Amino acid sequence: DMHGHLLKDTLEECGINTSGLILDPDYFTTLAFVALENGERSFSFARKPGADTMLHREEVPDELLKQTRIFHCGSLSLTDEPSRSATLYAVEQAKKNGVLISYDPNYRALLWKSPQAAMEQMRSIIPSVDIMKISDEETTLLTGAENPEEAAGRLIAQGVSCAVVTLGKDGALMRTKDFVVRAKGADRKVTDTTGAGDSFWGGILSRFCFTGIHPDDLTKDQGLEFLKFANAVAGLCVEKRGAIPAMPDLEEVLAEL
């Protein structure tokens, strides 16, 4: 649809490969409406159904999964079929190819039939995940533990190699089987928190890509370095309005550090 073509053009202008993007004239792109109050946001959605839930297992590009270093997914594609089966299949195939599996559940209550359904489906792929991010508002839903450090520990116990919990203005913590480390970001003038979590996790994933370090081999010092980098990315993001326009480039982040 129109939104799909606009997305494709925008990605290509940014130099992002769109060979795995499928355009379907029968479904429109799910829309998220963001309401801002003092920099904090609330969401409403138009999805009836949206193209993001209509990806079929047969449409998953197997060859692309063999060529990637990190396969990242959220949980919104787990809300409905056929995208749920497509997501689970993609994770399974990527795992077979030795690809690092990244997961950001990103709970949006309005898109689930019930909190119980969300809990069941969002937890379902944790045993297949290598690196995972949750927010301090998602700890109980995803792990049953409210305390961030304990919640991260429960993820590690399920097979996650590196678990990160974002803590809002207090930064974030990272836990592996070997260490727990926290990093607080700089004080910011918050304009819009939209995209903060995504930009933070993009910063973490970029560090894994750039260094080539496997999460099982991460040291405490490296974990702290990753968190400081990601905090800088998110900090720059929240100072600007919007999501995509607010994403900083590498030079901005390095200058911040």
# chains A, B, ... in the order shown; residues from 1 in each chain; ligands from 1
call {"tool": "select_by_dssp", "arguments": {"residues": "region 76-248 of chain A", "states": "helix (DSSP H, G or I)", "output": "PyMOL selection string"}}
result
chain A and resi 76-78+83-96+109-111+115-124+126-128+139-143+148-157+168-170+196-211+215-217+220-238+244-246
call {"tool": "closest_atom_pairs", "arguments": {"of": "region 8-40 of chain A", "to": "region 93-111 of chain A", "cutoff": "12 Å", "atoms": "only C-alpha atoms", "output": "Markdown table"}}
result
| residue | atom | partner | partner_atom | distance |
| --- | --- | --- | --- | --- |
| A:Thr30 | CA | A:Leu111 | CA | 10.8 |
| A:Leu31 | CA | A:Leu111 | CA | 11.7 |
| A:Ala32 | CA | A:Arg108 | CA | 10.7 |
call {"tool": "write_last_selection", "arguments": {"atoms": "C-alpha atoms", "output": "compact mmCIF listing (two decimals), in the first residue's frame"}}
result
# COMPACT_ATOMS: atom_id res chain seq x y z
CA THR A 30 -0.35 -0.86 10.90
CA LEU A 31 -0.40 2.72 12.19
CA ALA A 32 0.70 3.80 15.65
call {"tool": "closest_residue", "arguments": {"among": "A:Asp170, A:Glu252, A:Glu59, A:Asp26", "to": "Arg182 (chain A)", "atoms": "only C-alpha atoms"}}
result
A:Asp170
call {"tool": "atom_distance", "arguments": {"atom1": "CA of Gln116 (chain A)", "atom2": "CA of Leu142 (chain A)"}}
result
10.9 Å
call {"tool": "closest_residue", "arguments": {"among": "A:Ser83, A:Ser75, A:Ser44, A:Thr176", "to": "Ile131 (chain A)", "atoms": "only C-alpha atoms"}}
result
A:Thr176
call {"tool": "atom_distance", "arguments": {"atom1": "CA of Ile244 (chain A)", "atom2": "CA of Thr53 (chain A)"}}
result
21.9 Å
call {"tool": "atom_distance", "arguments": {"atom1": "CA of Ile22 (chain A)", "atom2": "CA of Asp198 (chain A)"}}
result
22.2 Å
